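Novice: I am sharing data00.tsv, which consists of TSV, C-alpha atoms and all ligand atoms:
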```tsv
chain	number	residue	atom	x	y	z
A	1	MET	CA	0.76	-37.28	-0.40
A	2	GLY	CA	-0.56	-36.19	-3.79
A	3	ILE	CA	1.57	-36.51	-6.85
A	4	GLU	CA	2.98	-33.92	-9.20
A	5	VAL	CA	1.42	-33.34	-12.61
A	6	ALA	CA	3.91	-32.08	-15.20
A	7	VAL	CA	2.47	-30.55	-18.36
A	8	GLU	CA	4.97	-29.96	-21.16
A	9	GLY	CA	4.34	-28.08	-24.39
A	10	LEU	CA	0.68	-29.10	-24.65
A	11	THR	CA	-1.16	-27.96	-27.79
A	12	MET	CA	-4.81	-28.71	-28.49
A	13	SER	CA	-6.97	-28.07	-31.56
A	14	PHE	CA	-10.35	-29.29	-32.76
A	15	GLY	CA	-9.99	-29.39	-36.52
A	16	LYS	CA	-8.81	-25.92	-37.53
A	17	GLN	CA	-9.79	-24.35	-34.18
A	18	ASN	CA	-6.72	-24.04	-31.98
A	19	ILE	CA	-7.80	-24.02	-28.31
A	20	TRP	CA	-4.42	-23.39	-26.66
A	21	GLN	CA	-0.81	-23.96	-27.55
A	22	ASP	CA	2.45	-24.82	-25.87
A	23	VAL	CA	1.05	-24.93	-22.33
A	24	THR	CA	3.77	-25.84	-19.84
A	25	LEU	CA	3.26	-25.93	-16.09
A	26	THR	CA	3.71	-28.16	-13.05
A	27	LEU	CA	1.03	-28.77	-10.44
A	28	PRO	CA	3.20	-29.22	-7.33
A	29	ALA	CA	2.49	-32.38	-5.31
A	30	GLY	CA	-0.28	-31.90	-2.77
A	31	GLU	CA	-0.73	-28.18	-3.44
A	32	VAL	CA	-3.95	-26.47	-4.52
A	33	SER	CA	-3.91	-24.67	-7.87
A	34	VAL	CA	-6.55	-22.63	-9.65
A	35	MET	CA	-6.91	-22.09	-13.40
A	36	LEU	CA	-8.71	-18.90	-14.39
A	37	GLY	CA	-9.73	-17.68	-17.79
A	38	PRO	CA	-12.66	-16.12	-19.61
A	39	SER	CA	-15.41	-18.42	-20.88
A	40	GLY	CA	-14.44	-20.52	-23.83
A	41	THR	CA	-10.67	-20.36	-23.33
A	42	GLY	CA	-10.45	-24.12	-22.98
A	43	LYS	CA	-10.23	-24.71	-19.24
A	44	THR	CA	-12.51	-27.74	-19.32
A	45	VAL	CA	-10.64	-29.04	-22.35
A	46	PHE	CA	-7.44	-28.65	-20.30
A	47	LEU	CA	-8.84	-30.73	-17.41
A	48	LYS	CA	-9.99	-33.43	-19.81
A	49	SER	CA	-6.55	-33.48	-21.42
A	50	LEU	CA	-4.89	-34.07	-18.04
A	51	ILE	CA	-6.80	-37.32	-17.55
A	52	GLY	CA	-6.44	-38.50	-21.12
A	53	LEU	CA	-10.11	-38.06	-22.11
A	54	LEU	CA	-9.01	-35.67	-24.86
A	55	LYS	CA	-5.85	-36.07	-26.92
A	56	PRO	CA	-3.84	-32.91	-27.54
A	57	GLN	CA	-1.86	-32.99	-30.80
A	58	ARG	CA	1.46	-32.10	-29.17
A	59	GLY	CA	3.08	-32.25	-25.75
A	60	ARG	CA	3.06	-34.50	-22.68
A	61	VAL	CA	1.23	-34.77	-19.35
A	62	LEU	CA	3.35	-36.78	-16.92
A	63	VAL	CA	1.63	-38.39	-13.95
A	64	ALA	CA	3.49	-41.02	-11.92
A	65	GLY	CA	5.63	-41.90	-14.93
A	66	VAL	CA	2.69	-42.23	-17.34
A	67	ASP	CA	2.25	-39.81	-20.24
A	68	MET	CA	-1.51	-39.20	-20.28
A	69	VAL	CA	-1.31	-38.11	-23.93
A	70	ASN	CA	0.92	-40.63	-25.62
A	71	SER	CA	1.06	-43.78	-23.46
A	72	PRO	CA	-0.86	-46.93	-24.41
A	73	ASP	CA	-4.56	-46.78	-23.48
A	74	ARG	CA	-4.28	-49.41	-20.77
A	75	ASP	CA	-1.57	-47.39	-18.93
A	76	ILE	CA	-3.69	-44.22	-19.20
A	77	TYR	CA	-6.72	-46.12	-17.89
A	78	GLU	CA	-4.71	-47.33	-14.88
A	79	ALA	CA	-3.25	-43.87	-14.18
A	80	ARG	CA	-6.73	-42.35	-14.39
A	81	LYS	CA	-7.53	-44.15	-11.13
A	82	LEU	CA	-5.20	-41.68	-9.40
A	83	PHE	CA	-7.65	-38.89	-10.26
A	84	GLY	CA	-10.90	-37.79	-8.68
A	85	LEU	CA	-13.13	-35.63	-10.84
A	86	MET	CA	-15.77	-33.18	-9.77
A	87	PHE	CA	-17.79	-32.04	-12.76
A	88	GLN	CA	-19.45	-28.66	-13.26
A	89	ASP	CA	-23.00	-29.92	-12.69
A	90	GLY	CA	-22.21	-32.57	-10.09
A	91	ALA	CA	-23.04	-35.17	-12.80
A	92	LEU	CA	-25.11	-37.28	-10.42
A	93	PHE	CA	-27.52	-40.00	-11.57
A	94	GLY	CA	-30.98	-38.56	-10.92
A	95	SER	CA	-32.63	-41.89	-10.10
A	96	MET	CA	-30.02	-42.97	-7.54
A	97	SER	CA	-29.79	-41.93	-3.90
A	98	LEU	CA	-26.78	-39.86	-2.87
A	99	PHE	CA	-25.39	-42.97	-1.20
A	100	ASP	CA	-25.60	-45.02	-4.41
A	101	ASN	CA	-24.21	-42.15	-6.49
A	102	ILE	CA	-21.20	-41.82	-4.22
A	103	ALA	CA	-20.76	-45.61	-4.02
A	104	PHE	CA	-20.86	-45.91	-7.82
A	105	PRO	CA	-17.09	-45.64	-8.55
A	106	LEU	CA	-16.35	-48.20	-5.80
A	107	ARG	CA	-18.88	-50.68	-7.18
A	108	GLU	CA	-17.68	-50.05	-10.73
A	109	HIS	CA	-13.90	-50.06	-10.26
A	110	THR	CA	-13.18	-52.18	-7.18
A	111	ARG	CA	-14.19	-55.59	-5.77
A	112	LYS	CA	-14.79	-54.28	-2.28
A	113	LYS	CA	-17.51	-55.87	-0.12
A	114	GLU	CA	-20.70	-53.87	0.50
A	115	SER	CA	-19.77	-53.43	4.18
A	116	GLU	CA	-16.46	-51.83	3.20
A	117	ILE	CA	-18.17	-49.69	0.55
A	118	ARG	CA	-20.64	-48.47	3.18
A	119	ARG	CA	-17.83	-47.52	5.53
A	120	ILE	CA	-15.96	-45.54	2.85
A	121	VAL	CA	-19.05	-43.82	1.47
A	122	MET	CA	-20.29	-42.75	4.92
A	123	GLU	CA	-16.83	-41.43	5.77
A	124	ARG	CA	-16.77	-39.27	2.62
A	125	ILE	CA	-20.36	-38.14	3.19
A	126	ASP	CA	-19.27	-37.01	6.63
A	127	VAL	CA	-16.26	-35.11	5.24
A	128	VAL	CA	-18.45	-33.06	2.89
A	129	GLY	CA	-21.10	-32.44	5.57
A	130	LEU	CA	-23.96	-34.48	4.08
A	131	LEU	CA	-24.59	-36.97	6.89
A	132	GLY	CA	-28.32	-37.60	7.14
A	133	SER	CA	-28.96	-36.86	3.44
A	134	GLU	CA	-27.52	-40.06	2.02
A	135	GLY	CA	-30.95	-41.54	1.27
A	136	LYS	CA	-32.14	-38.54	-0.74
A	137	LEU	CA	-32.31	-38.25	-4.51
A	138	PRO	CA	-30.29	-35.49	-6.23
A	139	GLY	CA	-33.56	-33.73	-7.14
A	140	GLU	CA	-34.52	-33.47	-3.46
A	141	ILE	CA	-31.48	-31.47	-2.33
A	142	SER	CA	-30.07	-28.01	-3.04
A	143	GLY	CA	-27.49	-27.19	-5.70
A	144	GLY	CA	-24.82	-26.69	-3.05
A	145	MET	CA	-25.53	-30.12	-1.58
A	146	ARG	CA	-25.31	-31.66	-5.05
A	147	LYS	CA	-21.88	-30.07	-5.49
A	148	ARG	CA	-20.73	-31.53	-2.20
A	149	ALA	CA	-22.11	-34.94	-3.18
A	150	GLY	CA	-20.13	-34.66	-6.44
A	151	LEU	CA	-17.05	-33.89	-4.40
A	152	ALA	CA	-17.69	-36.89	-2.10
A	153	ARG	CA	-17.97	-39.11	-5.15
A	154	ALA	CA	-14.69	-37.71	-6.49
A	155	LEU	CA	-13.03	-38.78	-3.25
A	156	VAL	CA	-14.13	-42.40	-2.79
A	157	LEU	CA	-11.25	-43.97	-4.69
A	158	ASP	CA	-8.70	-42.09	-2.54
A	159	PRO	CA	-7.47	-39.93	-5.41
A	160	GLN	CA	-4.04	-38.40	-5.28
A	161	ILE	CA	-5.09	-35.73	-7.76
A	162	VAL	CA	-8.47	-33.97	-7.54
A	163	LEU	CA	-9.78	-31.95	-10.49
A	164	CYS	CA	-12.76	-29.66	-9.89
A	165	ASP	CA	-14.49	-28.02	-12.85
A	166	GLU	CA	-16.26	-24.83	-11.70
A	167	PRO	CA	-17.30	-26.21	-8.31
A	168	ASP	CA	-18.99	-22.88	-7.52
A	169	SER	CA	-21.22	-22.58	-10.58
A	170	GLY	CA	-24.76	-21.77	-9.49
A	171	LEU	CA	-23.88	-21.26	-5.82
A	172	ASP	CA	-24.67	-18.16	-3.77
A	173	PRO	CA	-21.79	-16.26	-2.09
A	174	VAL	CA	-22.30	-17.93	1.30
A	175	ARG	CA	-22.31	-21.43	-0.16
A	176	THR	CA	-19.29	-20.51	-2.26
A	177	ALA	CA	-17.46	-19.39	0.89
A	178	ASN	CA	-18.37	-22.70	2.56
A	179	LEU	CA	-17.14	-24.58	-0.48
A	180	SER	CA	-13.82	-22.69	-0.40
A	181	GLN	CA	-13.34	-23.72	3.22
A	182	LEU	CA	-14.31	-27.30	2.37
A	183	LEU	CA	-11.66	-27.46	-0.37
A	184	ILE	CA	-8.95	-26.24	2.02
A	185	ASP	CA	-10.16	-28.63	4.76
A	186	LEU	CA	-10.08	-31.49	2.28
A	187	ASN	CA	-6.56	-30.63	1.24
A	188	ALA	CA	-5.50	-30.64	4.91
A	189	GLN	CA	-7.07	-34.07	5.39
A	190	ILE	CA	-6.05	-35.93	2.23
A	191	ASP	CA	-3.00	-33.95	1.02
A	192	ALA	CA	-4.01	-34.52	-2.61
A	193	THR	CA	-2.84	-32.38	-5.50
A	194	MET	CA	-5.82	-30.22	-6.49
A	195	LEU	CA	-6.65	-28.21	-9.60
A	196	ILE	CA	-9.76	-26.05	-9.57
A	197	VAL	CA	-11.16	-24.37	-12.66
A	198	THR	CA	-13.25	-21.37	-11.69
A	199	HIS	CA	-14.42	-17.87	-12.60
A	200	ASN	CA	-15.02	-17.07	-8.98
A	201	LEU	CA	-12.72	-14.37	-7.68
A	202	ASP	CA	-13.33	-15.20	-4.02
A	203	ILE	CA	-12.25	-18.79	-4.50
A	204	ALA	CA	-9.31	-17.60	-6.58
A	205	ALA	CA	-8.25	-15.10	-3.92
A	206	THR	CA	-8.53	-17.34	-0.86
A	207	VAL	CA	-8.04	-21.00	-1.79
A	208	PRO	CA	-5.05	-21.76	-4.03
A	209	ASP	CA	-1.32	-21.96	-3.47
A	210	ASN	CA	-0.81	-21.44	-7.20
A	211	MET	CA	-2.75	-19.71	-9.93
A	212	GLY	CA	-2.72	-19.67	-13.70
A	213	MET	CA	-4.73	-18.08	-16.44
A	214	LEU	CA	-5.58	-19.11	-20.00
A	215	PHE	CA	-6.29	-16.38	-22.54
A	216	ARG	CA	-6.00	-16.04	-26.29
A	217	ARG	CA	-4.85	-19.60	-26.77
A	218	ASN	CA	-1.97	-19.19	-24.34
A	219	LEU	CA	-1.16	-19.74	-20.72
A	220	VAL	CA	-0.68	-16.13	-19.63
A	221	THR	CA	0.92	-17.08	-16.33
A	222	PHE	CA	1.15	-19.94	-13.85
A	223	GLY	CA	2.95	-19.86	-10.51
A	224	PRO	CA	2.62	-18.98	-6.83
A	225	ARG	CA	-0.67	-17.13	-6.15
A	226	GLU	CA	1.17	-13.90	-5.40
A	227	VAL	CA	2.51	-13.73	-8.97
A	228	LEU	CA	-0.93	-13.57	-10.56
A	229	LEU	CA	-2.44	-11.48	-7.77
A	230	THR	CA	0.23	-8.79	-8.22
A	231	SER	CA	0.44	-9.05	-12.01
A	232	ASP	CA	-0.18	-5.93	-14.05
A	233	GLU	CA	-0.80	-7.86	-17.27
A	234	PRO	CA	-3.89	-6.07	-18.66
A	235	VAL	CA	-5.88	-9.29	-19.02
A	236	VAL	CA	-5.14	-10.39	-15.46
A	237	ALA	CA	-5.87	-6.94	-14.04
A	238	GLN	CA	-9.17	-6.76	-15.93
A	239	PHE	CA	-10.23	-10.24	-14.84
A	240	LEU	CA	-9.37	-9.67	-11.17
A	241	ALA	CA	-11.17	-6.34	-11.13
A	242	GLY	CA	-14.17	-7.67	-13.09
A	243	ARG	CA	-14.02	-4.61	-15.35
A	244	ARG	CA	-15.58	-4.23	-18.77
A	245	GLU	CA	-12.62	-2.23	-20.07
A	246	GLY	CA	-9.67	-4.31	-21.18
A	247	PRO	CA	-8.73	-7.04	-23.59
A	248	ILE	CA	-11.49	-9.47	-22.54
A	249	GLY	CA	-14.77	-8.90	-24.39
A	250	MET	CA	-18.09	-10.65	-24.73
A	251	SER	CA	-16.72	-12.95	-27.39
A	252	GLU	CA	-13.63	-13.56	-25.28
A	253	GLU	CA	-11.37	-11.25	-27.26
A	254	LYS	CA	-12.01	-7.74	-28.43
A	255	ASP	CA	-10.83	-6.70	-31.84
A	256	GLU	CA	-8.12	-4.09	-32.27
A	257	ALA	CA	-10.59	-1.33	-33.24
A	258	THR	CA	-12.65	-1.78	-30.05
A	259	LEU	CA	-9.52	-1.76	-27.93
A	260	ALA	CA	-8.25	1.41	-29.61
A	261	ALA	CA	-11.62	3.13	-29.12
A	262	GLU	CA	-11.59	2.18	-25.44
A	263	ALA	CA	-8.08	3.46	-25.01
A	264	ALA	CA	-9.17	6.83	-26.37
A	265	VAL	CA	-11.73	7.45	-23.61
A	266	PRO	CA	-11.12	7.44	-19.86
A	267	ALA	CA	-12.17	4.30	-17.98
A	268	SER	CA	-15.73	4.43	-16.60
A	269	ALA	CA	-14.39	4.35	-13.06
A	270	PRO	CA	-10.87	4.61	-11.69
A	271	ALA	CA	-9.36	1.20	-10.99
A	272	GLU	CA	-9.61	0.28	-7.32
A	273	PRO	CA	-6.37	-0.57	-5.51
A	274	ARG	CA	-5.97	-4.33	-5.57
A	275	VAL	CA	-5.77	-6.23	-2.30
A	276	ILE	CA	-4.25	-9.59	-1.51
A	277	VAL	CA	-6.26	-11.29	1.19
A	278	PRO	CA	-4.71	-14.08	3.27
A	279	GLN	CA	-5.18	-17.66	2.10
A	280	LEU	CA	-7.72	-19.72	4.06
A	281	GLU	CA	-6.48	-21.93	6.89
A	282	PRO	CA	-7.99	-25.36	7.68
A	283	SER	CA	-10.91	-25.30	10.13
A	284	PRO	CA	-10.06	-25.59	13.83
A	285	GLY	CA	-9.31	-29.16	14.89
A	286	LEU	CA	-7.99	-30.21	11.49
A	287	PRO	CA	-4.32	-30.92	10.82
A	288	GLN	CA	-2.11	-28.26	9.31
A	289	ARG	CA	-1.82	-28.50	5.52
A	290	GLN	CA	1.39	-30.39	4.77
A	291	ALA	CA	1.33	-28.79	1.33
A	292	ALA	CA	1.50	-25.33	2.90
A	293	LEU	CA	4.74	-26.26	4.65
A	294	ARG	CA	6.24	-27.71	1.48
A	295	ARG	CA	5.04	-24.73	-0.51
A	296	ARG	CA	6.73	-22.29	1.83
A	297	GLU	CA	10.11	-23.96	1.21
A	298	ARG	CA	9.51	-24.19	-2.51
A	299	VAL	CA	8.39	-20.60	-2.97
A	300	LEU	CA	11.04	-19.05	-0.74
A	301	GLY	CA	13.59	-21.03	-2.79
A	302	MET	CA	12.41	-19.42	-6.03
A	303	LEU	CA	12.08	-15.81	-4.80
A	304	ASP	CA	14.96	-14.61	-6.98
A	305	THR	CA	13.12	-15.70	-10.11
A	306	LEU	CA	9.89	-13.80	-9.35
A	307	PRO	CA	8.81	-10.23	-10.21
A	308	PRO	CA	9.48	-7.69	-7.41
A	309	ALA	CA	5.79	-7.20	-6.49
A	310	ALA	CA	5.24	-10.96	-6.12
A	311	ARG	CA	8.44	-11.30	-4.12
A	312	ALA	CA	7.36	-8.54	-1.73
A	313	ALA	CA	3.92	-10.14	-1.30
A	314	ILE	CA	5.44	-13.55	-0.53
A	315	GLU	CA	7.89	-12.07	1.96
A	316	ASP	CA	5.03	-10.23	3.60
A	317	THR	CA	2.93	-13.41	3.83
A	318	TYR	CA	5.68	-15.42	5.44
A	319	ALA	CA	6.83	-12.61	7.71
A	320	HIS	CA	3.37	-12.44	9.28
A	321	GLY	CA	2.34	-16.11	8.98
A	322	ALA	CA	-1.35	-16.85	8.97
A	323	GLN	CA	-2.03	-13.45	10.48
A	324	ALA	CA	-0.74	-11.67	7.39
A	325	PRO	CA	-2.63	-8.44	7.04
A	326	THR	CA	-4.51	-7.70	3.87
A	327	LEU	CA	-1.92	-6.32	1.51
A	328	ARG	CA	-2.86	-3.29	-0.58
A	329	LEU	CA	-1.26	-2.84	-3.95
A	330	PRO	CA	-1.31	0.20	-6.17
A	331	ALA	CA	-4.05	0.10	-8.77
A	332	THR	CA	-2.94	-1.54	-11.98
A	333	GLY	CA	-4.30	-1.05	-15.45
A	334	SER	CA	-6.30	2.10	-16.10
A	335	GLY	CA	-8.74	0.20	-18.23
A	336	SER	CA	-7.06	1.18	-21.43
B	1	LIG	N1	-15.24	-32.27	-28.02
B	1	LIG	C1	-15.14	-31.07	-28.60
B	1	LIG	N2	-15.15	-30.95	-29.95
B	1	LIG	C2	-15.02	-29.75	-30.55
B	1	LIG	N3	-14.87	-28.58	-29.88
B	1	LIG	C3	-14.85	-28.64	-28.55
B	1	LIG	C4	-14.99	-29.88	-27.83
B	1	LIG	N4	-14.90	-29.61	-26.50
B	1	LIG	C5	-14.76	-28.27	-26.39
B	1	LIG	N5	-14.72	-27.69	-27.61
B	1	LIG	C6	-14.51	-26.24	-27.86
B	1	LIG	O1	-13.36	-25.83	-27.14
B	1	LIG	C7	-13.52	-24.47	-26.69
B	1	LIG	C8	-13.19	-24.40	-25.20
B	1	LIG	O2	-14.21	-25.04	-24.46
B	1	LIG	P1	-14.14	-25.22	-22.88
B	1	LIG	O3	-15.45	-25.83	-22.45
B	1	LIG	O4	-12.91	-25.95	-22.50
B	1	LIG	O5	-14.03	-23.72	-22.37
B	1	LIG	P2	-14.02	-23.20	-20.87
B	1	LIG	O6	-12.84	-22.29	-20.73
B	1	LIG	O7	-14.10	-24.34	-19.90
B	1	LIG	O8	-15.36	-22.35	-20.85
B	1	LIG	P3	-16.40	-22.02	-19.64
B	1	LIG	O9	-15.63	-21.19	-18.67
B	1	LIG	O10	-17.47	-21.23	-20.34
B	1	LIG	O11	-16.87	-23.34	-19.08
B	1	LIG	C9	-14.96	-24.08	-27.04
B	1	LIG	O12	-14.89	-23.30	-28.21
B	1	LIG	C10	-15.65	-25.39	-27.31
B	1	LIG	O13	-16.66	-25.24	-28.23
```
Output the structure of this file as structure tokens.
Specialist:
Amino acid sequence: MGIEVAVEGLTMSFGKQNIWQDVTLTLPAGEVSVMLGPSGTGKTVFLKSLIGLLKPQRGRVLVAGVDMVNSPDRDIYEARKLFGLMFQDGALFGSMSLFDNIAFPLREHTRKKESEIRRIVMERIDVVGLLGSEGKLPGEISGGMRKRAGLARALVLDPQIVLCDEPDSGLDPVRTANLSQLLIDLNAQIDATMLIVTHNLDIAATVPDNMGMLFRRNLVTFGPREVLLTSDEPVVAQFLAGRREGPIGMSEEKDEATLAAEAAVPASAPAEPRVIVPQLEPSPGLPQRQAALRRRERVLGMLDTLPPAARAAIEDTYAHGAQAPTLRLPATGSGS
């Protein structure tokens, strides 16, 4: 089973530029979480801070008893082996075959024999649906295949925590839907804790157990998916609806004058009612997600602490099981 990642009071700046402050959240063991946020809000910086590649000025990131911010380097290096990373661009070596790319972490970090490496690599290649392409170079395959190869490489060291940075970037909607299913299937098979950074609303709506959002140097919210999906925080409502009107602007934040001017005119189109679509289930033939069972207990145990709309959505989900109908919510945020 994956392990919990506990983030406490994390604050990160580059020189005078504060990226985010006082971020506190827990990635529950084995569950899938998504972090949303407009471009430039520091999502990638957050992922890098979790594995100790960047050093926030304040706070802790606890992983299996190691503080990834403040522990000695050798402890952080050891704990980093618990993580699998899938980078935005796949980060494959262009001159190496997919097989050699995926084998790279095993050859670099373990003393396994080539026969064992071959077995593991082919198994992971199978999981991500790339059997038959292992001899190809990254330049000879599509962007979607490169993403899946990046995912296979993230999995070879049997990570207990998988971090994916914009796994959908550059993919068409069909490939993105396939990738969403792959992420859920993976979670069913390896039960690892997963954190996905994405802008993609389809992934956000169908994949995670938990969702959070970074905006204006703060964590706006983090919790069960239903909390964010029913939130009427203007920034969340704008992001989920993909509207121009609202606090998010081209340069991430709009100034007060622009916001006031927007508030003075009616929104360009009335806000559509928001819908909560059911979370994806593993593909037929795969085991049930253990994390989904644990999550049910966890979330039902915290119902009293959640806003009424989120509570109603969770009760609805669990009353209908996997067959939960699409839940319609009243429109939130008029764009002002
Ligand atoms: N090593 C670094 N040194 C200085 N500034 C950095 C460094 N890494 C990132 N930044 C700055 O931190 C801010 C957040 O960057 P980050 O890449 O984390 O945003 P993001 O939310 O992932 O954006 P996107 O969604 O566009 O990928 C940016 O202003 C960026 O320039």
Novice: For atom CA of Met35 of chain A and atom CA of Met211 of chain A, quote the distance in Å rounded to one decimal.
Specialist: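 Separating atom CA of Met35 of chain A from atom CA of Met211 of chain A is a distance of 5.9 Å.
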Novice: Would you please work out which residue, of A:Ala149, A:Leu300, A:Leu130, A:Leu53, is nearest to ligand LIG 1 (chain B) when using all atoms listed in the file?
Specialist: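 Residue with the minimum atom-to-atom distance to ligand LIG 1 (chain B): A:Leu53.
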Novice: Atom CA of Leu54 of chain A and atom CA of Gly212 of chain A, how far apart in Å?
Specialist: 20.5 Å
Novice: Quick one: residues within 8 Å of Met68 of chain A, all atoms listed in the file counted, chain neighbours fewer than 2 positions away excluded, as a list in words?
Specialist: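 Once the adjacent positions are removed, what remains is Ser49, Leu50, Ile51, Gly52, Arg60, Val61, Leu62, Val63, Val66, Asn70, Ser71, Ile76 and Ala79 of chain A.
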Novice: Hey, can you spit out that residue selection with C-alpha atoms as a short mmCIF file (atom, residue, chain, number, x, y, z; two decimals), in the frame of the given file?
Specialist:
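Final file, again_2.cif:
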```
data_model
loop_
_atom_site.label_atom_id
_atom_site.label_comp_id
_atom_site.auth_asym_id
_atom_site.auth_seq_id
_atom_site.Cartn_x
_atom_site.Cartn_y
_atom_site.Cartn_z
CA SER A 49 -6.55 -33.48 -21.42
CA LEU A 50 -4.89 -34.07 -18.04
CA ILE A 51 -6.80 -37.32 -17.55
CA GLY A 52 -6.44 -38.50 -21.12
CA ARG A 60 3.06 -34.50 -22.68
CA VAL A 61 1.23 -34.77 -19.35
CA LEU A 62 3.35 -36.78 -16.92
CA VAL A 63 1.63 -38.39 -13.95
CA VAL A 66 2.69 -42.23 -17.34
CA ASN A 70 0.92 -40.63 -25.62
CA SER A 71 1.06 -43.78 -23.46
CA ILE A 76 -3.69 -44.22 -19.20
CA ALA A 79 -3.25 -43.87 -14.18
#
```
Novice: Mind dumping a table of every segment 184-249 of chain A residue within 10 Å of segment 30-33 of chain A, with the nearest atom pair and its distance in Å to one decimal, using all atoms listed in the file, sorted by chain and rising number, as CSV?
Specialist:
```
residue,atom,partner,partner_atom,distance
A:Ile184,CA,A:Val32,CA,8.2
A:Asn187,CA,A:Gly30,CA,7.6
A:Ala188,CA,A:Gly30,CA,9.4
A:Ile190,CA,A:Gly30,CA,8.6
A:Asp191,CA,A:Gly30,CA,5.1
A:Ala192,CA,A:Gly30,CA,4.6
A:Thr193,CA,A:Gly30,CA,3.8
A:Met194,CA,A:Val32,CA,4.6
A:Leu195,CA,A:Ser33,CA,4.8
A:Ile196,CA,A:Ser33,CA,6.2
A:Val197,CA,A:Ser33,CA,8.7
A:Ala204,CA,A:Ser33,CA,9.0
A:Val207,CA,A:Val32,CA,7.4
A:Pro208,CA,A:Val32,CA,4.9
A:Asp209,CA,A:Val32,CA,5.3
A:Asn210,CA,A:Ser33,CA,4.5
A:Met211,CA,A:Ser33,CA,5.5
A:Gly212,CA,A:Ser33,CA,7.8
A:Phe222,CA,A:Ser33,CA,9.2
A:Gly223,CA,A:Ser33,CA,8.8
A:Pro224,CA,A:Ser33,CA,8.7
A:Arg225,CA,A:Ser33,CA,8.4
```
Novice: Filtering to C-alpha atoms, could you give me those residues as an mmCIF file, in the frame of the given file?
Specialist:
```cif
data_model
loop_
_atom_site.group_PDB
_atom_site.id
_atom_site.type_symbol
_atom_site.label_atom_id
_atom_site.label_comp_id
_atom_site.auth_asym_id
_atom_site.auth_seq_id
_atom_site.Cartn_x
_atom_site.Cartn_y
_atom_site.Cartn_z
ATOM 1 C CA ILE A 184 -8.950 -26.240 2.020
ATOM 2 C CA ASN A 187 -6.560 -30.630 1.240
ATOM 3 C CA ALA A 188 -5.500 -30.640 4.910
ATOM 4 C CA ILE A 190 -6.050 -35.930 2.230
ATOM 5 C CA ASP A 191 -3.000 -33.950 1.020
ATOM 6 C CA ALA A 192 -4.010 -34.520 -2.610
ATOM 7 C CA THR A 193 -2.840 -32.380 -5.500
ATOM 8 C CA MET A 194 -5.820 -30.220 -6.490
ATOM 9 C CA LEU A 195 -6.650 -28.210 -9.600
ATOM 10 C CA ILE A 196 -9.760 -26.050 -9.570
ATOM 11 C CA VAL A 197 -11.160 -24.370 -12.660
ATOM 12 C CA ALA A 204 -9.310 -17.600 -6.580
ATOM 13 C CA VAL A 207 -8.040 -21.000 -1.790
ATOM 14 C CA PRO A 208 -5.050 -21.760 -4.030
ATOM 15 C CA ASP A 209 -1.320 -21.960 -3.470
ATOM 16 C CA ASN A 210 -0.810 -21.440 -7.200
ATOM 17 C CA MET A 211 -2.750 -19.710 -9.930
ATOM 18 C CA GLY A 212 -2.720 -19.670 -13.700
ATOM 19 C CA PHE A 222 1.150 -19.940 -13.850
ATOM 20 C CA GLY A 223 2.950 -19.860 -10.510
ATOM 21 C CA PRO A 224 2.620 -18.980 -6.830
ATOM 22 C CA ARG A 225 -0.670 -17.130 -6.150
#
```
Novice: Residues contacting ligand LIG 1 (chain B) - anything with an atom at most 7 Å away, using all atoms listed in the file - can you give me those as a list of chain:residue names?
Specialist: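 Those within range of ligand LIG 1 (chain B) are A:Phe14, A:Ile19, A:Gly37, A:Pro38, A:Ser39, A:Gly40, A:Thr41, A:Gly42, A:Lys43, A:Thr44, A:Val45, A:Phe46.
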Novice: Could you save the residues just selected, with C-alpha atoms, as a PDB file, in the coordinates of the input?
Specialist:
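Output file selection.pdb follows:
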```
ATOM      1  CA  PHE A  14     -10.350 -29.290 -32.760  1.00  0.00           C
ATOM      2  CA  ILE A  19      -7.800 -24.020 -28.310  1.00  0.00           C
ATOM      3  CA  GLY A  37      -9.730 -17.680 -17.790  1.00  0.00           C
ATOM      4  CA  PRO A  38     -12.660 -16.120 -19.610  1.00  0.00           C
ATOM      5  CA  SER A  39     -15.410 -18.420 -20.880  1.00  0.00           C
ATOM      6  CA  GLY A  40     -14.440 -20.520 -23.830  1.00  0.00           C
ATOM      7  CA  THR A  41     -10.670 -20.360 -23.330  1.00  0.00           C
ATOM      8  CA  GLY A  42     -10.450 -24.120 -22.980  1.00  0.00           C
ATOM      9  CA  LYS A  43     -10.230 -24.710 -19.240  1.00  0.00           C
ATOM     10  CA  THR A  44     -12.510 -27.740 -19.320  1.00  0.00           C
ATOM     11  CA  VAL A  45     -10.640 -29.040 -22.350  1.00  0.00           C
ATOM     12  CA  PHE A  46      -7.440 -28.650 -20.300  1.00  0.00           C
TER      13      PHE A  46
END
```
Novice: Would you work out the distance separating atom CA of Leu106 of chain A from atom CA of Arg153 of chain A, expressed in Å to one decimal?
Specialist: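 We find that atom CA of Leu106 of chain A and atom CA of Arg153 of chain A lie 9.3 Å from each other.
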Novice: Using all atoms listed in the file, which residue out of A:Ala291, A:Val299, A:Leu157, A:Leu228 lies closest to Glu4 of chain A?
Specialist: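 Smallest separation from Glu4 of chain A among the options: A:Ala291.
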Novice: Name the closest residue to Gly132 of chain A among the candidates A:Met145, A:Ala6, A:Leu25, A:Val174; distances are taken between atoms, counting all atoms listed in the file.
Specialist: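 Once distances to Gly132 of chain A are computed over all atoms listed in the file, the minimum belongs to A:Met145.
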Novice: Just want the 6 Å neighbourhood of Gly150 of chain A, counted on only C-alpha atoms, with same-chain residues fewer than 2 positions away dropped. Output as a ChimeraX atom specification.
Specialist: /A:86,90,147-148,152-153
Novice: How would the residues just chosen look if you wrote them out with C-alpha atoms as a short mmCIF file (atom, residue, chain, number, x, y, z; two decimals), in the coordinates of the input?
Specialist:
```cif
data_model
loop_
_atom_site.label_atom_id
_atom_site.label_comp_id
_atom_site.auth_asym_id
_atom_site.auth_seq_id
_atom_site.Cartn_x
_atom_site.Cartn_y
_atom_site.Cartn_z
CA MET A 86 -15.77 -33.18 -9.77
CA GLY A 90 -22.21 -32.57 -10.09
CA LYS A 147 -21.88 -30.07 -5.49
CA ARG A 148 -20.73 -31.53 -2.20
CA ALA A 152 -17.69 -36.89 -2.10
CA ARG A 153 -17.97 -39.11 -5.15
#
```
